[in-house]
Amino acid sequence: MKKRNILASIDVGTTKICTILADVSDAAPRIVGVGISPSKGLHKGLVVNINEAKESIRDSVRKAEQTSNYRVESAYVGVTGRHVSSNNNHGVVAITRNDRVVRPDDLKRVLTTAQSIKTPADRKLLHIIPRHYAVDGQAGIKNPVGMHGFRLDVETHVITAAVTSIQNLVKCIRSLGIDIEDLVLEPLASSEAVLSEDERQVGVIMADVGGGTTDVAIFREGSIWHTSILPVAGYQLTRDVAIGLGLPFEIAEEMKKKYGSVMPVYDGQEDTAPAISKDGHGVSYQDLCEIIRARVEEIMKLIVLEMPSSSYEELTPSGLVLTGGSSNLAGMATLGREILDMPVRVGIPGNMYGIGDMLQDPAYATSVGLLLWGNKHQGKKQRKSGGFAGTIFKLASQFRKLFR
Ligand SMILES: Nc1ncnc2c1ncn2[C@@H]1O[C@H](COP(=O)(O)OP(=O)(O)OP(=O)(O)O)[C@@H](O)[C@H]1O
Ligand SMILES: [Mg+2]
């Protein structure tokens, strides 16, 4: 029987951990296992308590293993947080061989030169993504291999992260006996799940408004152009409601999810949302929605401030695609269109078959996107293990798996 090709992704979010196992042996990936657990030990996308985070991850992984009957041995893992930074770079090399044909090796060389500024010791290079190439000045080439020329240029998007923040996340996952296939910046993963090829080509902003962070990715001419992580999202919405209405945080969260909306409340609609707590907290529906709306407006304005100029309608004609758990709030797309004056829609992850129905919620854009990213980049990654240290690491990893 043909050996199945199983991929796993672990989305370590501020509010939930989601592990997905998918069979990618055939053209269409099929989800075979899902494990969702509440997240502990995280703040604004970062691990702040290793033991708590590890237990939440373990729980989510176990659930995914139980539903699928497969073991998670390695996984694609999402990275987010304010420590991530990105910039666009340029690289150039000469094609010196006699036949002047661009080979795959030249692509590697030119990407290395694009990373001209050496990554400092406290930063880890996460991605160096070629946006487009130019051969002898002819720009906009996606794949120059096989073309003739003297000079090869590349435009890249380079993403780095703080080593210490990454180490904490990596430590939690490796201590469970799971190897990391690749660390993927979360907005890149979410984009895989919710954007169409057309939108990327025309120009689009994707914003994953989660629990602890709003992850932004901007695409132009089919390539990533800007990424950034804003430290404000659903958690702040709940905190505003809790403080504004004098409610305990858990009740404010429940109120927000059950009755929250960003649409204006008109006269005559100002009834009070029924009490939903045991202690009978009742609040004005209008107050609840106004508090939420004010913060959502601020988040939306922060998202478009990521654009280099106010002419964002020209730079991203496809507008804004919102995703992440907080985009479940009623009226998000309408409010976005109203205040930003551009097309706005809410993106729900698709492109997955199997038991993935429960994942058709914007909260799972990163989780599903990590798998789609993994499937797309599988094999492209250069495995870095090797030598004595690599062997020792593999042995240690096998032992950890045995004792998990
Ligand atoms: N129906 C809803 N209405 C309003 N908010 C909602 C709704 N459903 C979920 N949320 C909010 O979405 C947030 C969680 O979103 P998500 O699952 O995308 O975050 P996360 O991945 O855990 O965190 P992050 O990516 O920021 O680290 C929570 O703040 C939650 O209150
Ligand atoms: Mg998330």
# chains A, B, ... in the order shown; residues from 1 in each chain; ligands from 1
>>> select_by_dssp(residues="region 16-87 of chain A", states="strand (DSSP E or B)", output="PyMOL selection string")
chain A and resi 16-23+30-38+42-43+46-47+74-79+85-87
>>> write_last_selection(atoms="C-alpha atoms", output="mmCIF file, in the first residue's frame")
data_model
loop_
_atom_site.group_PDB
_atom_site.id
_atom_site.type_symbol
_atom_site.label_atom_id
_atom_site.label_comp_id
_atom_site.auth_asym_id
_atom_site.auth_seq_id
_atom_site.Cartn_x
_atom_site.Cartn_y
_atom_site.Cartn_z
ATOM 1 C CA LYS A 16 -6.404 28.577 21.615
ATOM 2 C CA ILE A 17 -3.941 25.960 20.377
ATOM 3 C CA CYS A 18 -4.975 24.159 17.206
ATOM 4 C CA THR A 19 -3.173 21.087 15.876
ATOM 5 C CA ILE A 20 -4.166 19.758 12.458
ATOM 6 C CA LEU A 21 -3.038 16.580 10.709
ATOM 7 C CA ALA A 22 -3.645 16.344 6.977
ATOM 8 C CA ASP A 23 -3.050 13.727 4.330
ATOM 9 C CA ARG A 30 -7.501 16.075 3.312
ATOM 10 C CA ILE A 31 -7.747 16.809 7.039
ATOM 11 C CA VAL A 32 -7.535 13.621 9.107
ATOM 12 C CA GLY A 33 -7.187 14.966 12.647
ATOM 13 C CA VAL A 34 -7.918 18.148 14.593
ATOM 14 C CA GLY A 35 -7.132 19.005 18.220
ATOM 15 C CA ILE A 36 -8.240 22.301 19.761
ATOM 16 C CA SER A 37 -7.407 23.298 23.342
ATOM 17 C CA PRO A 38 -7.633 26.546 25.280
ATOM 18 C CA LEU A 42 0.752 32.957 26.306
ATOM 19 C CA HIS A 43 0.458 36.722 26.096
ATOM 20 C CA LEU A 46 4.343 35.008 23.038
ATOM 21 C CA VAL A 47 5.125 32.169 25.426
ATOM 22 C CA SER A 74 7.097 16.978 13.214
ATOM 23 C CA ALA A 75 5.017 20.068 12.524
ATOM 24 C CA TYR A 76 4.819 23.468 10.874
ATOM 25 C CA VAL A 77 4.560 26.029 13.648
ATOM 26 C CA GLY A 78 3.326 29.624 13.541
ATOM 27 C CA VAL A 79 5.300 32.600 14.846
ATOM 28 C CA SER A 85 10.333 42.653 11.932
ATOM 29 C CA SER A 86 10.474 42.699 8.167
ATOM 30 C CA ASN A 87 11.994 44.695 5.340
#
>>> residues_near_ligand(ligand="ligand 2", cutoff="8 Å", atoms="only C-alpha atoms and all ligand atoms", output="number ranges by chain")
A: 11-16, 45, 186, 208-213, 324-325, 363-367
>>> write_last_selection(atoms="all heavy atoms", output="compact mmCIF listing (two decimals), in the first residue's frame")
# COMPACT_ATOMS: atom_id res chain seq x y z
N ASP A 11 -0.82 25.63 15.61
CA ASP A 11 -1.03 27.08 15.71
C ASP A 11 -1.12 27.40 17.20
O ASP A 11 -2.12 27.08 17.86
CB ASP A 11 -2.33 27.44 14.96
CG ASP A 11 -2.76 28.89 15.17
OD1 ASP A 11 -1.96 29.68 15.71
OD2 ASP A 11 -3.90 29.22 14.79
N VAL A 12 -0.05 27.99 17.73
CA VAL A 12 -0.03 28.31 19.16
C VAL A 12 -0.55 29.74 19.32
O VAL A 12 0.21 30.70 19.27
CB VAL A 12 1.41 28.15 19.73
CG1 VAL A 12 1.42 28.36 21.24
CG2 VAL A 12 1.97 26.79 19.38
N GLY A 13 -1.86 29.87 19.46
CA GLY A 13 -2.48 31.20 19.56
C GLY A 13 -2.57 31.67 21.00
O GLY A 13 -2.34 30.89 21.93
N THR A 14 -2.92 32.95 21.16
CA THR A 14 -3.02 33.50 22.52
C THR A 14 -4.25 32.95 23.26
O THR A 14 -4.24 32.86 24.48
CB THR A 14 -3.12 35.04 22.44
OG1 THR A 14 -2.08 35.50 21.59
CG2 THR A 14 -2.94 35.68 23.79
N THR A 15 -5.29 32.57 22.48
CA THR A 15 -6.49 32.06 23.17
C THR A 15 -6.71 30.56 22.96
O THR A 15 -7.34 29.92 23.77
CB THR A 15 -7.76 32.80 22.70
OG1 THR A 15 -7.86 32.67 21.29
CG2 THR A 15 -7.72 34.27 23.08
N LYS A 16 -6.23 30.02 21.85
CA LYS A 16 -6.40 28.58 21.61
C LYS A 16 -5.19 27.99 20.89
O LYS A 16 -4.47 28.70 20.19
CB LYS A 16 -7.68 28.27 20.79
CG LYS A 16 -7.79 29.07 19.49
CD LYS A 16 -7.38 28.34 18.27
CE LYS A 16 -7.33 29.07 16.98
NZ LYS A 16 -6.71 30.33 16.80
N GLY A 45 0.64 36.60 21.82
CA GLY A 45 1.30 35.71 20.86
C GLY A 45 2.60 35.12 21.33
O GLY A 45 3.22 34.33 20.63
N GLU A 186 2.91 34.01 11.08
CA GLU A 186 1.46 33.73 11.04
C GLU A 186 0.68 34.47 9.96
O GLU A 186 -0.18 33.87 9.32
CB GLU A 186 0.86 33.92 12.44
CG GLU A 186 1.41 32.86 13.37
CD GLU A 186 0.73 32.76 14.71
OE1 GLU A 186 -0.25 33.48 14.95
OE2 GLU A 186 1.20 31.96 15.53
N ASP A 208 -5.34 39.42 10.19
CA ASP A 208 -5.87 38.36 11.06
C ASP A 208 -6.01 38.96 12.46
O ASP A 208 -5.02 39.13 13.18
CB ASP A 208 -4.89 37.18 11.05
CG ASP A 208 -5.37 36.00 11.89
OD1 ASP A 208 -5.95 36.24 12.96
OD2 ASP A 208 -5.16 34.84 11.47
N VAL A 209 -7.26 39.34 12.81
CA VAL A 209 -7.51 39.96 14.11
C VAL A 209 -7.83 38.83 15.09
O VAL A 209 -8.94 38.29 15.10
CB VAL A 209 -8.67 40.99 14.04
CG1 VAL A 209 -8.69 41.84 15.31
CG2 VAL A 209 -8.56 41.87 12.81
N GLY A 210 -6.82 38.44 15.85
CA GLY A 210 -6.96 37.26 16.73
C GLY A 210 -7.32 37.66 18.14
O GLY A 210 -8.15 38.55 18.38
N GLY A 211 -6.69 36.98 19.11
CA GLY A 211 -6.94 37.27 20.51
C GLY A 211 -5.93 38.28 21.04
O GLY A 211 -6.28 39.28 21.65
N GLY A 212 -4.64 38.01 20.79
CA GLY A 212 -3.58 38.86 21.34
C GLY A 212 -2.93 39.78 20.33
O GLY A 212 -2.36 40.81 20.70
N THR A 213 -3.00 39.41 19.05
CA THR A 213 -2.33 40.23 18.03
C THR A 213 -3.18 40.34 16.77
O THR A 213 -4.01 39.47 16.49
CB THR A 213 -0.96 39.63 17.61
OG1 THR A 213 -1.18 38.32 17.06
CG2 THR A 213 0.04 39.56 18.74
N GLY A 324 -9.34 35.79 11.40
CA GLY A 324 -9.04 35.70 12.83
C GLY A 324 -10.36 35.71 13.61
O GLY A 324 -11.38 36.20 13.12
N GLY A 325 -10.33 35.19 14.82
CA GLY A 325 -11.55 35.03 15.64
C GLY A 325 -12.36 36.31 15.79
O GLY A 325 -13.59 36.28 15.74
N ALA A 363 -11.29 32.04 12.85
CA ALA A 363 -10.31 31.81 13.92
C ALA A 363 -9.26 30.77 13.50
O ALA A 363 -8.16 30.73 14.08
CB ALA A 363 -11.03 31.34 15.18
N TYR A 364 -9.58 29.93 12.48
CA TYR A 364 -8.64 28.87 12.11
C TYR A 364 -7.87 29.18 10.82
O TYR A 364 -7.29 28.29 10.21
CB TYR A 364 -9.38 27.52 12.01
CG TYR A 364 -10.01 27.18 13.34
CD1 TYR A 364 -11.38 27.21 13.51
CD2 TYR A 364 -9.21 26.92 14.45
CE1 TYR A 364 -11.95 26.97 14.76
CE2 TYR A 364 -9.76 26.69 15.70
CZ TYR A 364 -11.13 26.72 15.85
OH TYR A 364 -11.68 26.50 17.07
N ALA A 365 -7.86 30.44 10.42
CA ALA A 365 -7.14 30.81 9.20
C ALA A 365 -5.66 30.45 9.32
O ALA A 365 -5.07 29.86 8.40
CB ALA A 365 -7.31 32.30 8.92
N THR A 366 -5.03 30.79 10.46
CA THR A 366 -3.59 30.49 10.62
C THR A 366 -3.37 28.98 10.65
O THR A 366 -2.46 28.47 9.99
CB THR A 366 -3.05 31.11 11.92
OG1 THR A 366 -3.34 32.49 11.94
CG2 THR A 366 -1.55 30.92 12.04
N SER A 367 -4.20 28.27 11.40
CA SER A 367 -4.01 26.82 11.56
C SER A 367 -4.06 26.12 10.20
O SER A 367 -3.19 25.31 9.87
CB SER A 367 -5.09 26.23 12.47
OG SER A 367 -5.46 27.13 13.48
>>> residues_around(residues="Val110 (chain A)", least_positions_apart="3", cutoff="12 Å", atoms="only C-alpha atoms", output="PyMOL selection string")
chain A and resi 89-95+102-107+113-116+128-130+132-135+144+151-156
>>> write_last_selection(atoms="N, CA, C and O atoms", output="compact mmCIF listing (two decimals), in the first residue's frame")
# COMPACT_ATOMS: atom_id res chain seq x y z
N ASN A 89 14.43 43.90 0.50
CA ASN A 89 15.84 44.01 0.16
C ASN A 89 16.07 43.71 -1.32
O ASN A 89 15.19 43.18 -1.99
N HIS A 90 17.28 43.98 -1.75
CA HIS A 90 17.63 43.79 -3.16
C HIS A 90 18.94 43.01 -3.24
O HIS A 90 19.83 43.22 -2.44
N GLY A 91 19.06 42.10 -4.19
CA GLY A 91 20.32 41.36 -4.37
C GLY A 91 20.66 41.29 -5.84
O GLY A 91 19.78 41.36 -6.70
N VAL A 92 21.97 41.18 -6.14
CA VAL A 92 22.38 41.09 -7.55
C VAL A 92 23.62 40.19 -7.68
O VAL A 92 24.49 40.22 -6.82
N VAL A 93 23.63 39.36 -8.73
CA VAL A 93 24.84 38.56 -9.03
C VAL A 93 25.07 38.57 -10.55
O VAL A 93 24.14 38.81 -11.33
N ALA A 94 26.31 38.25 -10.92
CA ALA A 94 26.64 38.14 -12.35
C ALA A 94 26.55 36.66 -12.74
O ALA A 94 26.86 35.77 -11.95
N ILE A 95 26.06 36.41 -13.97
CA ILE A 95 26.04 35.03 -14.49
C ILE A 95 27.33 34.90 -15.31
O ILE A 95 27.44 35.47 -16.41
N VAL A 102 20.66 31.02 -16.56
CA VAL A 102 20.40 31.09 -15.11
C VAL A 102 20.06 29.69 -14.60
O VAL A 102 19.19 29.01 -15.16
N ARG A 103 20.78 29.26 -13.57
CA ARG A 103 20.56 27.92 -13.00
C ARG A 103 20.00 28.06 -11.58
O ARG A 103 20.14 29.13 -10.95
N PRO A 104 19.42 26.98 -11.00
CA PRO A 104 18.90 27.05 -9.61
C PRO A 104 19.95 27.55 -8.62
O PRO A 104 19.63 28.29 -7.69
N ASP A 105 21.22 27.21 -8.85
CA ASP A 105 22.30 27.65 -7.96
C ASP A 105 22.43 29.18 -7.93
O ASP A 105 22.77 29.76 -6.90
N ASP A 106 22.18 29.81 -9.09
CA ASP A 106 22.25 31.27 -9.16
C ASP A 106 21.16 31.90 -8.30
O ASP A 106 21.36 32.96 -7.71
N LEU A 107 19.98 31.24 -8.24
CA LEU A 107 18.90 31.77 -7.40
C LEU A 107 19.34 31.77 -5.94
O LEU A 107 19.12 32.72 -5.21
N THR A 113 22.92 37.18 -1.42
CA THR A 113 23.40 38.58 -1.48
C THR A 113 22.30 39.55 -1.05
O THR A 113 22.59 40.63 -0.54
N ALA A 114 21.03 39.15 -1.26
CA ALA A 114 19.92 40.04 -0.88
C ALA A 114 19.84 40.19 0.63
O ALA A 114 19.24 41.12 1.14
N GLN A 115 20.46 39.25 1.31
CA GLN A 115 20.45 39.30 2.77
C GLN A 115 21.72 40.01 3.25
O GLN A 115 22.33 39.61 4.22
N SER A 116 22.07 41.07 2.50
CA SER A 116 23.37 41.69 2.66
C SER A 116 23.74 42.07 4.09
O SER A 116 24.84 41.86 4.54
N ILE A 128 13.24 34.40 3.86
CA ILE A 128 13.77 35.33 2.85
C ILE A 128 13.03 34.95 1.56
O ILE A 128 13.31 33.94 0.94
N ILE A 129 12.01 35.74 1.27
CA ILE A 129 11.08 35.37 0.20
C ILE A 129 11.38 36.18 -1.06
O ILE A 129 11.33 37.41 -1.04
N PRO A 130 11.70 35.49 -2.17
CA PRO A 130 11.92 36.24 -3.41
C PRO A 130 10.60 36.81 -3.90
O PRO A 130 9.61 36.08 -3.99
N HIS A 132 10.29 39.12 -6.78
CA HIS A 132 10.45 38.88 -8.22
C HIS A 132 11.90 39.10 -8.63
O HIS A 132 12.69 39.72 -7.91
N TYR A 133 12.22 38.55 -9.80
CA TYR A 133 13.59 38.63 -10.31
C TYR A 133 13.64 39.54 -11.53
O TYR A 133 12.62 39.84 -12.14
N ALA A 134 14.86 39.96 -11.88
CA ALA A 134 15.07 40.68 -13.14
C ALA A 134 16.31 40.08 -13.81
O ALA A 134 17.31 39.80 -13.14
N VAL A 135 16.23 39.81 -15.11
CA VAL A 135 17.40 39.32 -15.85
C VAL A 135 17.80 40.41 -16.84
O VAL A 135 16.97 40.83 -17.67
N PRO A 144 13.28 32.73 -13.14
CA PRO A 144 14.23 33.02 -14.23
C PRO A 144 15.07 31.81 -14.68
O PRO A 144 15.88 31.95 -15.59
N ARG A 151 23.23 39.34 -15.92
CA ARG A 151 23.03 39.86 -14.57
C ARG A 151 21.67 39.41 -14.06
O ARG A 151 20.67 39.49 -14.76
N LEU A 152 21.67 38.94 -12.79
CA LEU A 152 20.41 38.50 -12.17
C LEU A 152 20.16 39.34 -10.92
O LEU A 152 21.01 39.41 -10.04
N ASP A 153 19.00 40.00 -10.88
CA ASP A 153 18.62 40.79 -9.70
C ASP A 153 17.45 40.12 -9.02
O ASP A 153 16.64 39.47 -9.68
N VAL A 154 17.33 40.33 -7.71
CA VAL A 154 16.14 39.82 -7.00
C VAL A 154 15.66 40.87 -6.00
O VAL A 154 16.46 41.59 -5.41
N GLU A 155 14.32 40.96 -5.88
CA GLU A 155 13.71 41.78 -4.82
C GLU A 155 13.19 40.78 -3.79
O GLU A 155 12.50 39.83 -4.16
N THR A 156 13.54 40.99 -2.51
CA THR A 156 13.11 40.01 -1.50
C THR A 156 12.36 40.68 -0.35
O THR A 156 12.48 41.88 -0.13
